file input_38.txt (compact mmCIF, C-alpha atoms)
# COMPACT_ATOMS: atom_id res chain seq x y z
CA MET A 161 53.05 19.77 21.71
CA SER A 162 55.65 21.74 19.75
CA GLY A 163 58.00 18.78 20.11
CA LEU A 164 55.35 16.55 18.53
CA ILE A 165 54.87 19.00 15.67
CA HIS A 166 58.64 19.15 15.22
CA LEU A 167 58.81 15.35 15.11
CA LEU A 168 56.05 15.22 12.51
CA ASN A 169 57.74 17.99 10.51
CA SER A 170 60.93 15.99 10.38
CA HIS A 171 58.94 13.20 8.72
CA GLY A 172 57.80 15.53 5.96
CA LEU A 173 54.40 16.37 7.48
CA THR A 174 53.56 20.05 7.64
CA GLU A 175 50.97 21.50 9.99
CA ASP A 176 48.64 22.03 7.05
CA THR A 177 48.62 18.36 6.08
CA ILE A 178 47.92 17.37 9.68
CA ILE A 179 44.98 19.78 9.86
CA LYS A 180 43.61 18.45 6.57
CA ALA A 181 44.09 14.81 7.55
CA THR A 182 42.25 15.28 10.85
CA PHE A 183 39.41 17.15 9.16
CA TYR A 184 38.84 14.50 6.51
CA GLY A 185 39.16 11.76 9.10
CA ILE A 186 36.54 13.37 11.32
CA ALA A 187 34.27 14.08 8.34
CA GLY A 188 34.51 10.47 7.17
CA LEU A 189 33.73 9.20 10.65
CA THR A 190 30.76 11.57 10.90
CA VAL A 191 29.30 10.32 7.61
CA LEU A 192 29.90 6.69 8.62
CA PHE A 193 28.06 7.12 11.90
CA ALA A 194 25.30 9.09 10.18
CA PHE A 195 24.76 6.03 7.98
CA PHE A 196 24.65 3.96 11.13
CA VAL A 197 21.94 6.25 12.57
CA VAL A 198 19.57 5.46 9.70
CA ILE A 199 20.37 1.77 9.15
CA ALA A 200 21.03 0.48 12.68
CA ARG A 201 18.63 -2.30 13.59
CA ASN A 202 18.52 -1.39 17.25
CA ILE A 203 17.08 2.08 17.88
CA PHE A 204 19.29 2.50 20.94
CA HIS A 205 22.44 1.97 18.88
CA SER A 206 21.23 4.51 16.38
CA ALA A 207 20.75 7.06 19.19
CA LEU A 208 24.34 6.49 20.37
CA SER A 209 25.63 6.91 16.79
CA LEU A 210 23.68 10.16 16.57
CA ALA A 211 25.69 11.41 19.55
CA VAL A 212 28.92 10.66 17.66
CA VAL A 213 27.58 12.47 14.58
CA LEU A 214 26.71 15.53 16.67
CA ILE A 215 30.21 15.62 18.17
CA GLY A 216 31.67 15.32 14.66
CA VAL A 217 29.57 18.27 13.52
CA ALA A 218 30.84 20.23 16.55
CA CYS A 219 34.39 19.48 15.33
CA ALA A 220 33.44 20.85 11.91
CA TYR A 221 32.27 24.03 13.67
CA LEU A 222 35.71 24.27 15.27
CA TYR A 223 37.30 24.14 11.81
CA LEU A 224 35.02 27.05 10.86
CA ASP A 225 36.32 29.24 13.72
CA THR A 226 33.08 29.20 15.69
CA GLU A 227 34.13 27.87 19.07
CA PHE A 228 31.02 29.21 20.79
CA LEU A 229 28.68 27.28 18.50
CA ALA A 230 30.75 24.11 18.95
CA THR A 231 30.29 24.48 22.71
CA VAL A 232 26.57 25.12 22.35
CA GLN A 233 26.29 22.13 20.02
CA VAL A 234 27.87 19.80 22.56
CA LEU A 235 25.92 21.26 25.49
CA VAL A 236 22.49 21.42 23.87
CA TYR A 237 22.56 18.51 21.45
CA VAL A 238 24.80 15.94 23.10
CA GLY A 239 23.94 17.03 26.61
CA ALA A 240 20.23 17.73 26.50
CA ILE A 241 18.62 16.41 23.34
CA MET A 242 20.45 13.06 23.36
CA THR A 243 19.44 12.49 26.98
CA LEU A 244 15.86 13.20 25.99
CA PHE A 245 16.06 10.76 23.07
CA ILE A 246 17.56 8.01 25.20
CA PHE A 247 14.95 8.50 27.93
CA THR A 248 12.16 8.36 25.37
CA ILE A 249 13.59 5.18 23.85
CA MET A 250 13.72 3.59 27.29
CA LEU A 251 10.15 4.68 28.05
CA THR A 252 8.64 3.49 24.78
CA ALA A 253 10.46 1.17 22.41
CA ASP A 254 11.43 -2.32 23.38
CA VAL A 255 15.21 -1.89 23.43
CA HIS A 256 15.93 -5.57 22.93
CA LYS A 257 13.63 -5.93 19.96
CA LYS A 258 15.54 -5.68 16.72
CA MET A 259 14.00 -3.53 14.04
CA SER A 260 14.99 -5.23 10.84
CA LEU A 261 15.56 -3.03 7.83
CA LYS A 262 14.29 -5.22 5.04
CA ILE A 263 15.27 -4.41 1.50
CA ASN A 264 11.87 -3.79 0.00
CA PRO A 265 10.82 -1.55 -2.90
CA ARG A 266 10.04 1.31 -0.52
CA VAL A 267 13.57 1.33 0.91
CA LEU A 268 15.11 1.08 -2.56
CA LEU A 269 12.97 3.96 -3.81
CA SER A 270 13.98 6.08 -0.80
CA ALA A 271 17.65 5.25 -1.42
CA TYR A 272 17.27 6.30 -5.07
CA ALA A 273 15.60 9.56 -4.00
CA ALA A 274 18.31 10.34 -1.42
CA ALA A 275 21.10 9.50 -3.87
CA LEU A 276 19.47 11.69 -6.52
CA ILE A 277 19.24 14.62 -4.07
CA LEU A 278 22.89 14.10 -3.11
CA ILE A 279 24.07 14.02 -6.74
CA ILE A 280 22.09 17.14 -7.63
CA LEU A 281 23.40 19.00 -4.57
CA ILE A 282 27.02 18.06 -5.27
CA LYS A 283 26.66 19.06 -8.92
CA ILE A 284 25.23 22.43 -7.85
CA ILE A 285 27.99 22.95 -5.26
CA ASN A 286 30.72 22.21 -7.79
CA ALA A 287 29.14 24.11 -10.67
CA GLY A 288 27.90 27.29 -9.05
CA PRO A 289 30.12 30.35 -9.25
CA TRP A 290 30.31 31.28 -5.58
CA LEU A 291 31.27 34.71 -4.44
CA PRO A 292 35.02 34.82 -3.86
CA GLU A 293 36.05 33.38 -0.52
CA VAL A 294 37.13 35.89 2.08
CA LYS A 295 40.66 34.76 2.87
CA ASP A 296 41.60 36.68 5.99
CA ALA A 297 38.25 36.96 7.69
CA VAL A 298 38.47 37.88 11.36
CA PRO A 299 36.31 35.47 13.37
CA LEU A 300 33.61 37.15 15.39
CA ASP A 301 34.39 37.08 19.09
CA LEU A 302 31.91 36.19 21.76
CA ALA A 303 31.40 39.76 23.01
CA GLN A 304 30.44 40.97 19.52
CA LEU A 305 28.10 38.01 19.10
CA GLY A 306 26.34 38.76 22.37
CA ARG A 307 26.09 42.45 21.54
CA SER A 308 24.44 41.81 18.19
CA LEU A 309 22.07 39.30 19.82
CA MET A 310 20.97 42.00 22.24
CA THR A 311 20.73 44.87 19.75
CA ASN A 312 20.10 43.99 16.10
CA TYR A 313 18.56 40.59 16.71
CA GLY A 314 16.81 41.38 19.98
CA LEU A 315 13.30 40.74 18.70
CA PRO A 316 14.02 37.26 17.27
CA PHE A 317 15.82 36.43 20.50
CA GLU A 318 12.74 37.32 22.54
CA VAL A 319 10.49 35.39 20.17
CA ILE A 320 12.72 32.32 20.63
CA SER A 321 12.41 32.61 24.40
CA LEU A 322 8.63 32.85 24.09
CA LEU A 323 8.68 29.77 21.84
CA SER A 324 10.76 27.87 24.40
CA LEU A 325 8.28 28.77 27.14
CA ALA A 326 5.35 27.63 24.99
CA ALA A 327 7.16 24.37 24.19
CA LEU A 328 7.88 23.80 27.89
CA VAL A 329 4.25 24.19 28.85
CA GLY A 330 3.06 22.26 25.80
CA ALA A 331 5.36 19.32 26.44
CA ILE A 332 4.09 19.05 30.03
CA VAL A 333 0.46 19.22 28.92
CA ILE A 334 0.95 16.65 26.15
CA GLY A 335 3.05 14.31 28.25
CA LYS A 336 1.07 14.22 31.48
CA THR A 337 -1.30 11.41 32.32
CA GLU A 338 -4.96 12.23 32.56
CA LYS A 339 -6.66 11.62 35.86
CA LYS A 340 -9.48 9.17 35.60
CA MET B 295 43.07 25.42 4.53
CA ILE B 296 40.00 23.35 3.75
CA PRO B 297 38.01 24.87 0.90
CA GLN B 298 34.41 25.98 1.23
CA ASN B 299 33.08 23.29 -1.13
CA HIS B 300 34.21 20.43 1.09
CA PHE B 301 32.15 21.71 4.01
CA LEU B 302 29.17 22.10 1.70
CA ILE B 303 29.61 18.55 0.41
CA LEU B 304 29.79 17.20 3.98
CA SER B 305 26.54 19.03 4.68
CA ALA B 306 24.93 17.66 1.50
CA ILE B 307 25.88 14.09 2.44
CA LEU B 308 24.40 14.49 5.94
CA PHE B 309 21.24 16.00 4.42
CA ALA B 310 20.81 13.10 1.98
CA ILE B 311 21.32 10.53 4.76
CA GLY B 312 18.73 12.37 6.85
CA ILE B 313 16.23 12.32 3.98
CA PHE B 314 16.82 8.60 3.55
CA GLY B 315 16.21 8.08 7.27
CA VAL B 316 12.98 10.09 7.27
CA LEU B 317 11.68 8.07 4.32
CA THR B 318 12.62 4.60 5.58
CA ARG B 319 12.39 4.62 9.37
CA LYS B 320 9.23 3.12 10.79
CA ASN B 321 10.01 4.09 14.37
CA ALA B 322 8.82 7.61 15.19
CA ILE B 323 11.94 8.26 17.30
CA GLY B 324 14.10 7.25 14.33
CA ILE B 325 12.31 9.79 12.16
CA LEU B 326 12.95 12.51 14.77
CA MET B 327 16.65 11.58 14.86
CA SER B 328 16.85 11.82 11.07
CA ILE B 329 15.29 15.29 11.29
CA GLU B 330 18.05 16.28 13.71
CA LEU B 331 20.58 15.15 11.07
CA ILE B 332 18.91 17.38 8.47
CA LEU B 333 18.95 20.39 10.82
CA ASN B 334 22.64 19.83 11.52
CA ALA B 335 23.36 19.78 7.79
CA ALA B 336 21.60 23.15 7.46
CA ASN B 337 23.65 24.51 10.36
CA ILE B 338 26.95 23.48 8.74
CA ASN B 339 25.91 25.36 5.61
CA LEU B 340 25.02 28.51 7.57
CA ILE B 341 28.32 28.56 9.42
CA THR B 342 30.32 27.77 6.29
CA PHE B 343 28.87 30.78 4.49
CA ASN B 344 29.40 32.83 7.64
CA LYS B 345 33.12 32.07 7.48
CA PHE B 346 33.80 32.19 3.76
CA GLN B 347 31.55 35.04 2.67
CA LYS B 348 31.14 38.58 3.91
CA THR B 349 28.29 38.58 6.43
CA PRO B 350 27.19 41.51 8.59
CA ASP B 351 27.97 40.97 12.29
CA GLY B 352 27.94 37.20 12.37
CA LEU B 353 24.53 36.69 10.79
CA GLY B 354 25.29 33.04 10.02
CA GLN B 355 26.27 32.27 13.60
CA ILE B 356 23.14 33.88 14.99
CA PHE B 357 20.97 32.00 12.51
CA ALA B 358 22.66 28.76 13.52
CA LEU B 359 22.01 29.54 17.20
CA PHE B 360 18.31 30.06 16.45
CA VAL B 361 18.22 26.83 14.44
CA ILE B 362 19.72 24.94 17.40
CA ALA B 363 17.11 26.46 19.73
CA ILE B 364 14.25 25.53 17.40
CA ALA B 365 15.68 22.02 16.95
CA ALA B 366 15.66 21.59 20.72
CA VAL B 367 12.06 22.82 20.92
CA SER B 368 10.92 20.54 18.10
CA ALA B 369 12.65 17.54 19.68
CA VAL B 370 10.95 18.23 23.02
CA ILE B 371 7.49 18.52 21.48
CA GLY B 372 8.05 15.55 19.16
CA LEU B 373 9.17 13.27 21.96
CA ALA B 374 6.28 14.37 24.19
CA LEU B 375 3.93 13.45 21.34
CA VAL B 376 5.69 10.10 20.91
CA ILE B 377 5.21 9.29 24.60
CA SER B 378 1.56 10.36 24.43
CA ILE B 379 0.97 8.22 21.33
CA TYR B 380 2.71 5.26 22.96
CA ARG B 381 0.42 5.59 25.96
CA ASN B 382 -2.68 5.54 23.79
CA ALA B 383 -1.75 3.22 20.93
CA LYS B 384 0.87 0.99 22.66
CA THR B 385 3.18 1.35 19.65
CA ILE B 386 5.38 4.00 18.08
CA LEU B 387 5.67 2.42 14.65
CA VAL B 388 4.26 5.04 12.29
CA THR B 389 2.85 2.30 10.03
CA LYS B 390 0.73 0.95 12.90
CA ILE B 391 -0.60 4.24 14.26
CA ASN B 392 -4.08 4.76 12.88
CA LEU B 393 -5.93 6.45 15.75
CA MET B 394 -7.10 9.28 13.51
CA LYS B 395 -8.09 7.00 10.65
CA TRP B 396 -11.83 6.96 10.22

call {"tool": "encode", "arguments": {"input": "input_38.txt", "output": "structure tokens"}}
result
Amino acid sequence: MSGLIHLLNSHGLTEDTIIKATFYGIAGLTVLFAFFVVIARNIFHSALSLAVVLIGVACAYLYLDTEFLATVQVLVYVGAIMTLFIFTIMLTADVHKKMSLKINPRVLLSAYAAALILIILIKIINAGPWLPEVKDAVPLDLAQLGRSLMTNYGLPFEVISLLSLAALVGAIVIGKTEKK
Amino acid sequence: MIPQNHFLILSAILFAIGIFGVLTRKNAIGILMSIELILNAANINLITFNKFQKTPDGLGQIFALFVIAIAAVSAVIGLALVISIYRNAKTILVTKINLMKW
């Protein structure tokens, strides 16, 4: 690994440029596949692209020094939720049937609305005077995170577990077939 | 290092794509997937501010964890509803579902 970095350094590439290049590459790929999620004609393909987007977002979490959340993202989203989506697609939609995205006024209007939201958001992001960035922030380690989940944020944590239980029971009740 | 604004712009792009998907998709599963995109965009924002701003004991990370949990719950309930609708209406195109229309 250090030999590789040395080789790249000898070609005028510093570690910083490599980090930047990988980040922008991953971000571009994420956006590309996100586009694919909303315009793919086959719903199954769009589910697979969503998995790529979720992994790309997990990589962005790694760049933000939150390894635990990247792990949770891959486990929960890519592992559990994507499986659920793919099972539901197989149970309901006709996978072979192509869903054509016709360019009609409704789609154009939605594209205008989305583009407008994007432009406004980017203008706000670039204009707003943010608080100064903390340069040498120490990333929170896992033990501290767990401790604050159990002490300061104990009540929300319990509420989330109650919500999960309710969702579990509710999903079974909604999904089961009624006996005739 | 990568500046804060670039993470925020990535999040804004994902959010806008998600909005576009919610507005144009006719398939109920497609709408749910677009909602997942929007929730991910929100999560990127939370974690970005957690890194670049002073936050008390990882507030952004804990918020993001709760958002992931609620996204999982909403996906489970949404997909159970989709299956139930499919069983009753034999379609999951939101333009064709009119069971509640009087």

call {"tool": "residues_around", "arguments": {"input": "input_38.txt", "residues": "Pro292 in chain A", "least_positions_apart": "6", "cutoff": "10 Å", "atoms": "all atoms listed in the file", "output": "number ranges by chain"}}
result
B: 346-348

call {"tool": "write_last_selection", "arguments": {"input": "input_38.txt", "atoms": "C-alpha atoms", "output": "PDB file, in the frame of the given file"}}
result
ATOM      1  CA  PHE B 346      33.800  32.190   3.760  1.00  0.00           C
ATOM      2  CA  GLN B 347      31.550  35.040   2.670  1.00  0.00           C
ATOM      3  CA  LYS B 348      31.140  38.580   3.910  1.00  0.00           C
TER       4      LYS B 348
END

call {"tool": "interface_residues", "arguments": {"input": "input_38.txt", "of": "chain A", "to": "chain B", "cutoff": "6 Å", "atoms": "only C-alpha atoms", "output": "PyMOL selection string"}}
result
chain A and resi 198+267+270+274+278+293-294+331+335

call {"tool": "write_last_selection", "arguments": {"input": "input_38.txt", "atoms": "C-alpha atoms", "output": "JSON list (two decimals), in the coordinates of the input"}}
result
[["chain", "number", "residue", "atom", "x", "y", "z"],
["A", 198, "VAL", "CA", 19.57, 5.46, 9.70],
["A", 267, "VAL", "CA", 13.57, 1.33, 0.91],
["A", 270, "SER", "CA", 13.98, 6.08, -0.80],
["A", 274, "ALA", "CA", 18.31, 10.34, -1.42],
["A", 278, "LEU", "CA", 22.89, 14.10, -3.11],
["A", 293, "GLU", "CA", 36.05, 33.38, -0.52],
["A", 294, "VAL", "CA", 37.13, 35.89, 2.08],
["A", 331, "ALA", "CA", 5.36, 19.32, 26.44],
["A", 335, "GLY", "CA", 3.05, 14.31, 28.25]]

call {"tool": "residues_around", "arguments": {"input": "input_38.txt", "residues": "range 211-228 of chain A", "least_positions_apart": "2", "cutoff": "8 Å", "atoms": "all atoms listed in the file", "output": "ChimeraX atom specification"}}
result
/A:183,186-187,189-191,193-194,207-209,230-234,237-238,242,299-300,302 /B:334,338,341-342,345,355

call {"tool": "atom_distance", "arguments": {"input": "input_38.txt", "atom1": "CA of Leu340 in chain B", "atom2": "CA of Gly354 in chain B"}}
result
5.2 Å

call {"tool": "axis_aligned_box", "arguments": {"input": "input_38.txt", "around": "range 344-355 of chain B", "padding_each_side": "5 Å", "output": "lines of an AutoDock Vina configuration file"}}
result
center_x = 29.2
center_y = 36.8
center_z = 8.1
size_x = 19.3
size_y = 19.4
size_z = 20.9
